[in-house]
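Input: a single structure, listed below in structure tokens.
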Amino acid sequence: MTVESDNTYMMLALEEAHLAQMRDEVPIGAIVVDSTTGDVIARAGNRTIELSDPTAHAEVLAIREACQKAKSQRIPTYDLYVTLEPCTMCAGAISFARIRKLVFAASDKKGGAVESGTRFFEQPSCHHKIKIVSGIEAEKSSALLKSYFKAKRTK
């Protein structure tokens, strides 16, 4: 896939982030794309508050849906687009699902685990190496997150 298609798919993930914000969830969105066809297989936004589930991150929900549709726990031809650098839990799910490529928008210096923090995919205990692309539509994602948290602080 090209940088142009990465931008297009990231815009879809940003739509999911906006929908999460409308539900008063942290505005993070994710989509899963079949790299062989370009089809969007799954879409999700954060639902941790709505579902009272700390694992209901956008990435995990999108991966669950994609795996169910594929009828497999491993989806090695699928790519994941997410609006914020995944945390350690989500990086683990990405690895176990054998996602082909991860594309994320904004870095998360505090909670990220891909290029920040634990750098999950560089650890010897990680048995799945993945293609990583970062910074696609980062400014839009960062602005959305900043406005969400700013509104929360002023309430």
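In the structure tokens, chains take the letters A, B, ... in the order shown, each chain's residues start at 1, and ligands count up from 1 in the order shown.
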**Request:** Could you tell me, as a PyMOL selection string, which residues of stretch 1-153 of chain A DSSP assigns to helix (DSSP H, G or I) when given the backbone?
**Result:** chain A and resi 3-22+58-70+88-97+120-122+138-153
**Request:** Compile the contact shell of A:Leu19 as a PyMOL selection string: residues with an atom at most 7 Å away, counting only C-alpha atoms, same-chain residues fewer than 4 positions apart removed.
**Result:** chain A and resi 15+23+45
**Item:** Distance query A:Cys67 at most 12 Å, only C-alpha atoms, self and fewer than 5 positions along chain excluded, as a ChimeraX atom specification
**Value:** /A:32-34,41-42,60-62,72-78,93-94,96-99
Could you take the residues named above and write them with all heavy atoms, as a compact mmCIF listing (two decimals), in the first residue's frame?
# COMPACT_ATOMS: atom_id res chain seq x y z
N VAL A 32 -8.99 -2.08 10.54
CA VAL A 32 -8.19 -3.19 10.03
C VAL A 32 -8.49 -3.33 8.55
O VAL A 32 -9.66 -3.33 8.14
CB VAL A 32 -8.50 -4.51 10.78
CG1 VAL A 32 -7.72 -5.67 10.16
CG2 VAL A 32 -8.19 -4.38 12.26
N VAL A 33 -7.44 -3.42 7.75
CA VAL A 33 -7.55 -3.48 6.29
C VAL A 33 -6.89 -4.76 5.79
O VAL A 33 -5.80 -5.12 6.23
CB VAL A 33 -6.85 -2.26 5.65
CG1 VAL A 33 -6.86 -2.35 4.14
CG2 VAL A 33 -7.50 -0.97 6.12
N ASP A 34 -7.55 -5.45 4.87
CA ASP A 34 -6.96 -6.60 4.20
C ASP A 34 -5.97 -6.08 3.17
O ASP A 34 -6.37 -5.41 2.20
CB ASP A 34 -8.04 -7.44 3.53
CG ASP A 34 -7.52 -8.71 2.89
OD1 ASP A 34 -6.34 -8.75 2.49
OD2 ASP A 34 -8.31 -9.66 2.76
N ILE A 41 -11.91 -4.27 6.90
CA ILE A 41 -12.50 -5.46 7.51
C ILE A 41 -13.19 -5.14 8.83
O ILE A 41 -14.22 -5.71 9.15
CB ILE A 41 -11.41 -6.54 7.75
CG1 ILE A 41 -10.68 -6.87 6.44
CG2 ILE A 41 -11.98 -7.77 8.42
CD1 ILE A 41 -11.57 -7.40 5.33
N ALA A 42 -12.61 -4.21 9.59
CA ALA A 42 -13.15 -3.90 10.92
C ALA A 42 -12.86 -2.44 11.25
O ALA A 42 -11.86 -1.87 10.80
CB ALA A 42 -12.54 -4.81 11.98
N VAL A 60 -7.86 -3.29 20.12
CA VAL A 60 -8.30 -4.63 20.54
C VAL A 60 -9.67 -4.94 19.95
O VAL A 60 -9.89 -6.04 19.43
CB VAL A 60 -8.30 -4.74 22.08
CG1 VAL A 60 -8.97 -6.02 22.54
CG2 VAL A 60 -6.88 -4.65 22.63
N LEU A 61 -10.57 -3.98 19.99
CA LEU A 61 -11.92 -4.21 19.44
C LEU A 61 -11.87 -4.46 17.94
O LEU A 61 -12.55 -5.36 17.43
CB LEU A 61 -12.82 -3.02 19.76
CG LEU A 61 -13.10 -2.78 21.25
CD1 LEU A 61 -13.90 -1.49 21.43
CD2 LEU A 61 -13.83 -3.96 21.88
N ALA A 62 -11.05 -3.70 17.22
CA ALA A 62 -10.94 -3.89 15.78
C ALA A 62 -10.30 -5.24 15.45
O ALA A 62 -10.74 -5.94 14.53
CB ALA A 62 -10.14 -2.74 15.15
N SER A 72 -10.23 -16.79 12.47
CA SER A 72 -8.86 -17.17 12.79
C SER A 72 -8.31 -16.23 13.86
O SER A 72 -8.64 -15.05 13.88
CB SER A 72 -7.99 -17.07 11.54
OG SER A 72 -6.64 -17.36 11.86
N GLN A 73 -7.45 -16.76 14.72
CA GLN A 73 -6.80 -15.91 15.71
C GLN A 73 -5.62 -15.16 15.12
O GLN A 73 -5.08 -14.25 15.75
CB GLN A 73 -6.34 -16.74 16.91
CG GLN A 73 -5.21 -17.70 16.58
CD GLN A 73 -4.71 -18.44 17.79
OE1 GLN A 73 -5.10 -18.17 18.90
NE2 GLN A 73 -3.83 -19.41 17.54
N ARG A 74 -5.22 -15.53 13.93
CA ARG A 74 -4.09 -14.88 13.26
C ARG A 74 -4.54 -14.32 11.93
O ARG A 74 -5.19 -15.01 11.14
CB ARG A 74 -2.94 -15.88 13.08
CG ARG A 74 -2.41 -16.28 14.44
CD ARG A 74 -1.08 -16.94 14.36
NE ARG A 74 -0.57 -17.14 15.71
CZ ARG A 74 0.21 -18.12 16.06
NH1 ARG A 74 0.58 -19.01 15.17
NH2 ARG A 74 0.63 -18.22 17.30
N ILE A 75 -4.15 -13.08 11.69
CA ILE A 75 -4.57 -12.38 10.47
C ILE A 75 -3.34 -11.72 9.81
O ILE A 75 -3.23 -10.50 9.76
CB ILE A 75 -5.70 -11.38 10.78
CG1 ILE A 75 -5.39 -10.54 12.02
CG2 ILE A 75 -7.04 -12.11 10.95
CD1 ILE A 75 -6.43 -9.49 12.39
N PRO A 76 -2.44 -12.54 9.29
CA PRO A 76 -1.14 -12.04 8.82
C PRO A 76 -1.17 -11.21 7.53
O PRO A 76 -0.15 -10.63 7.16
CB PRO A 76 -0.32 -13.32 8.62
CG PRO A 76 -1.34 -14.35 8.32
CD PRO A 76 -2.53 -13.99 9.17
N THR A 77 -2.30 -11.15 6.84
CA THR A 77 -2.38 -10.31 5.65
C THR A 77 -3.11 -9.00 5.94
O THR A 77 -3.40 -8.23 5.02
CB THR A 77 -3.09 -11.03 4.49
OG1 THR A 77 -4.43 -11.34 4.88
CG2 THR A 77 -2.34 -12.30 4.09
N TYR A 78 -3.38 -8.74 7.21
CA TYR A 78 -4.15 -7.55 7.59
C TYR A 78 -3.23 -6.48 8.18
O TYR A 78 -2.24 -6.79 8.84
CB TYR A 78 -5.21 -7.90 8.61
CG TYR A 78 -6.38 -8.71 8.06
CD1 TYR A 78 -6.42 -9.17 6.75
CD2 TYR A 78 -7.45 -9.02 8.87
CE1 TYR A 78 -7.49 -9.90 6.26
CE2 TYR A 78 -8.54 -9.75 8.39
CZ TYR A 78 -8.54 -10.18 7.09
OH TYR A 78 -9.61 -10.90 6.61
N ALA A 93 -1.52 -7.63 21.65
CA ALA A 93 -2.61 -8.15 20.82
C ALA A 93 -2.24 -8.12 19.34
O ALA A 93 -2.52 -9.06 18.59
CB ALA A 93 -3.89 -7.35 21.07
N ILE A 94 -1.60 -7.04 18.91
CA ILE A 94 -1.15 -6.91 17.52
C ILE A 94 -0.18 -8.04 17.18
O ILE A 94 -0.28 -8.67 16.13
CB ILE A 94 -0.50 -5.53 17.30
CG1 ILE A 94 -1.56 -4.42 17.40
CG2 ILE A 94 0.24 -5.47 15.97
CD1 ILE A 94 -0.99 -3.03 17.60
N PHE A 96 0.19 -11.03 18.77
CA PHE A 96 -0.45 -12.34 18.80
C PHE A 96 -1.37 -12.56 17.59
O PHE A 96 -1.52 -13.69 17.13
CB PHE A 96 -1.22 -12.55 20.10
CG PHE A 96 -0.32 -12.81 21.28
CD1 PHE A 96 -0.36 -11.98 22.39
CD2 PHE A 96 0.57 -13.86 21.29
CE1 PHE A 96 0.47 -12.20 23.48
CE2 PHE A 96 1.41 -14.10 22.37
CZ PHE A 96 1.36 -13.26 23.47
N ALA A 97 -1.95 -11.48 17.07
CA ALA A 97 -2.80 -11.60 15.89
C ALA A 97 -1.99 -11.71 14.61
O ALA A 97 -2.52 -12.02 13.55
CB ALA A 97 -3.75 -10.39 15.80
N ARG A 98 -0.68 -11.45 14.71
CA ARG A 98 0.24 -11.51 13.58
C ARG A 98 -0.12 -10.49 12.50
O ARG A 98 -0.02 -10.75 11.30
CB ARG A 98 0.30 -12.91 12.96
CG ARG A 98 0.77 -14.01 13.91
CD ARG A 98 2.18 -13.74 14.40
NE ARG A 98 2.77 -14.89 15.04
CZ ARG A 98 2.83 -15.08 16.37
NH1 ARG A 98 2.32 -14.18 17.18
NH2 ARG A 98 3.41 -16.14 16.87
N ILE A 99 -0.54 -9.30 12.93
CA ILE A 99 -0.83 -8.21 12.01
C ILE A 99 0.41 -7.97 11.13
O ILE A 99 1.54 -8.02 11.61
CB ILE A 99 -1.17 -6.93 12.80
CG1 ILE A 99 -2.47 -7.11 13.61
CG2 ILE A 99 -1.22 -5.70 11.91
CD1 ILE A 99 -3.74 -7.13 12.82
**Item:** Expected answer as a ChimeraX atom specification: strand (DSSP E) residues in chain A
**Value:** /A:29-34,40-45,78-84,101-106,131-134
Store the residues picked out above, limited to N, CA, C and O atoms, as a compact mmCIF listing (two decimals), in the first residue's frame.
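The resulting out.txt:
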# COMPACT_ATOMS: atom_id res chain seq x y z
N GLY A 29 -9.27 5.86 17.43
CA GLY A 29 -9.96 5.01 16.48
C GLY A 29 -8.98 4.08 15.78
O GLY A 29 -7.78 4.36 15.69
N ALA A 30 -9.52 2.96 15.31
CA ALA A 30 -8.70 1.96 14.61
C ALA A 30 -9.50 1.30 13.51
O ALA A 30 -10.73 1.15 13.64
N ILE A 31 -8.81 0.93 12.45
CA ILE A 31 -9.42 0.11 11.42
C ILE A 31 -8.44 -0.98 11.02
O ILE A 31 -7.23 -0.83 11.18
N VAL A 32 -8.99 -2.08 10.54
CA VAL A 32 -8.19 -3.19 10.03
C VAL A 32 -8.49 -3.33 8.55
O VAL A 32 -9.66 -3.33 8.14
N VAL A 33 -7.44 -3.42 7.75
CA VAL A 33 -7.55 -3.48 6.29
C VAL A 33 -6.89 -4.76 5.79
O VAL A 33 -5.80 -5.12 6.23
N ASP A 34 -7.55 -5.45 4.87
CA ASP A 34 -6.96 -6.60 4.20
C ASP A 34 -5.97 -6.08 3.17
O ASP A 34 -6.37 -5.41 2.20
N VAL A 40 -11.69 -2.64 3.94
CA VAL A 40 -11.74 -2.39 5.38
C VAL A 40 -12.53 -3.54 6.00
O VAL A 40 -13.69 -3.77 5.64
N ILE A 41 -11.91 -4.27 6.90
CA ILE A 41 -12.50 -5.46 7.51
C ILE A 41 -13.19 -5.14 8.83
O ILE A 41 -14.22 -5.71 9.15
N ALA A 42 -12.61 -4.21 9.59
CA ALA A 42 -13.15 -3.90 10.92
C ALA A 42 -12.86 -2.44 11.25
O ALA A 42 -11.86 -1.87 10.80
N ARG A 43 -13.75 -1.86 12.06
CA ARG A 43 -13.61 -0.47 12.51
C ARG A 43 -14.00 -0.42 13.97
O ARG A 43 -14.95 -1.10 14.38
N ALA A 44 -13.30 0.41 14.74
CA ALA A 44 -13.66 0.54 16.16
C ALA A 44 -13.08 1.82 16.73
O ALA A 44 -12.10 2.36 16.23
N GLY A 45 -13.73 2.27 17.78
CA GLY A 45 -13.22 3.37 18.60
C GLY A 45 -13.21 2.89 20.04
O GLY A 45 -13.84 1.88 20.37
N TYR A 78 -3.38 -8.74 7.21
CA TYR A 78 -4.15 -7.55 7.59
C TYR A 78 -3.23 -6.48 8.18
O TYR A 78 -2.24 -6.79 8.84
N ASP A 79 -3.63 -5.24 7.92
CA ASP A 79 -2.91 -4.07 8.43
C ASP A 79 -3.81 -3.33 9.41
O ASP A 79 -5.04 -3.29 9.22
N LEU A 80 -3.21 -2.75 10.43
CA LEU A 80 -3.95 -2.01 11.45
C LEU A 80 -3.56 -0.54 11.38
O LEU A 80 -2.38 -0.20 11.37
N TYR A 81 -4.58 0.31 11.34
CA TYR A 81 -4.40 1.77 11.37
C TYR A 81 -5.02 2.28 12.65
O TYR A 81 -6.18 1.98 12.94
N VAL A 82 -4.26 3.03 13.42
CA VAL A 82 -4.75 3.53 14.71
C VAL A 82 -4.27 4.96 14.90
O VAL A 82 -3.17 5.33 14.47
N THR A 83 -5.08 5.76 15.56
CA THR A 83 -4.81 7.19 15.65
C THR A 83 -3.80 7.56 16.73
O THR A 83 -3.33 8.69 16.75
N LEU A 84 -3.46 6.64 17.61
CA LEU A 84 -2.47 6.90 18.65
C LEU A 84 -1.57 5.67 18.80
O LEU A 84 -2.04 4.53 18.68
N LYS A 101 1.15 -5.12 9.20
CA LYS A 101 1.69 -3.76 9.27
C LYS A 101 0.85 -2.93 10.24
O LYS A 101 -0.37 -3.03 10.24
N LEU A 102 1.54 -2.13 11.03
CA LEU A 102 0.90 -1.19 11.95
C LEU A 102 1.20 0.22 11.46
O LEU A 102 2.36 0.57 11.24
N VAL A 103 0.15 1.01 11.29
CA VAL A 103 0.30 2.42 10.94
C VAL A 103 -0.38 3.22 12.05
O VAL A 103 -1.55 2.98 12.34
N PHE A 104 0.38 4.10 12.70
CA PHE A 104 -0.27 4.93 13.72
C PHE A 104 0.03 6.39 13.47
O PHE A 104 1.02 6.75 12.85
N ALA A 105 -0.87 7.22 13.97
CA ALA A 105 -0.79 8.67 13.74
C ALA A 105 0.14 9.31 14.75
O ALA A 105 1.32 9.50 14.49
N ALA A 106 -0.37 9.62 15.92
CA ALA A 106 0.38 10.37 16.92
C ALA A 106 1.18 9.46 17.83
O ALA A 106 0.73 8.37 18.20
N LYS A 131 5.96 -4.56 10.29
CA LYS A 131 6.29 -3.30 9.62
C LYS A 131 5.54 -2.19 10.36
O LYS A 131 4.35 -2.33 10.66
N ILE A 132 6.25 -1.11 10.67
CA ILE A 132 5.66 0.00 11.42
C ILE A 132 5.83 1.30 10.65
O ILE A 132 6.92 1.61 10.17
N VAL A 133 4.74 2.04 10.53
CA VAL A 133 4.75 3.36 9.91
C VAL A 133 4.11 4.30 10.93
O VAL A 133 3.02 4.02 11.44
N SER A 134 4.78 5.41 11.23
CA SER A 134 4.22 6.34 12.21
C SER A 134 4.15 7.75 11.64
O SER A 134 4.82 8.07 10.66
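Take atom CA of A:Phe121 and atom CA of A:Lys109: the distance between them is 15.9 Å.
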A:Lys110: which residues within 12 Å, counting only C-alpha atoms, same-chain residues fewer than 3 positions away excluded, as a CSV table (one decimal) with N, CA and C atoms, in the first residue's frame?
chain,number,residue,atom,x,y,z
A,84,LEU,N,-3.5,6.6,17.6
A,84,LEU,CA,-2.5,6.9,18.7
A,84,LEU,C,-1.6,5.7,18.8
A,85,GLU,N,-0.3,5.9,19.1
A,85,GLU,CA,0.6,4.8,19.3
A,85,GLU,C,0.1,3.8,20.3
A,86,PRO,N,0.0,2.5,19.9
A,86,PRO,CA,-0.5,1.5,20.8
A,86,PRO,C,0.2,1.4,22.2
A,87,CYS,N,-0.5,1.1,23.2
A,87,CYS,CA,0.1,0.8,24.5
A,87,CYS,C,0.6,-0.7,24.5
A,88,THR,N,1.2,-1.1,25.6
A,88,THR,CA,1.8,-2.4,25.7
A,88,THR,C,0.7,-3.5,25.5
A,106,ALA,N,-0.4,9.6,15.9
A,106,ALA,CA,0.4,10.4,16.9
A,106,ALA,C,1.2,9.5,17.8
A,107,SER,N,2.4,9.9,18.2
A,107,SER,CA,3.2,9.2,19.2
A,107,SER,C,2.6,9.5,20.6
A,113,ALA,N,4.0,2.1,23.3
A,113,ALA,CA,4.9,1.0,23.5
A,113,ALA,C,5.5,0.5,22.2
A,114,VAL,N,5.4,1.3,21.2
A,114,VAL,CA,5.9,0.9,19.9
A,114,VAL,C,7.3,1.6,19.6
A,115,GLU,N,7.2,2.9,19.5
A,115,GLU,CA,8.4,3.7,19.4
A,115,GLU,C,8.8,4.4,20.6
A,116,SER,N,7.9,4.4,21.6
A,116,SER,CA,8.1,5.0,22.9
A,116,SER,C,8.1,3.9,24.0
A,117,GLY,N,8.4,4.2,25.2
A,117,GLY,CA,8.3,3.3,26.3
A,117,GLY,C,9.0,2.0,26.1
A,118,THR,N,8.3,0.9,26.2
A,118,THR,CA,8.9,-0.5,26.2
A,118,THR,C,9.4,-0.9,24.8
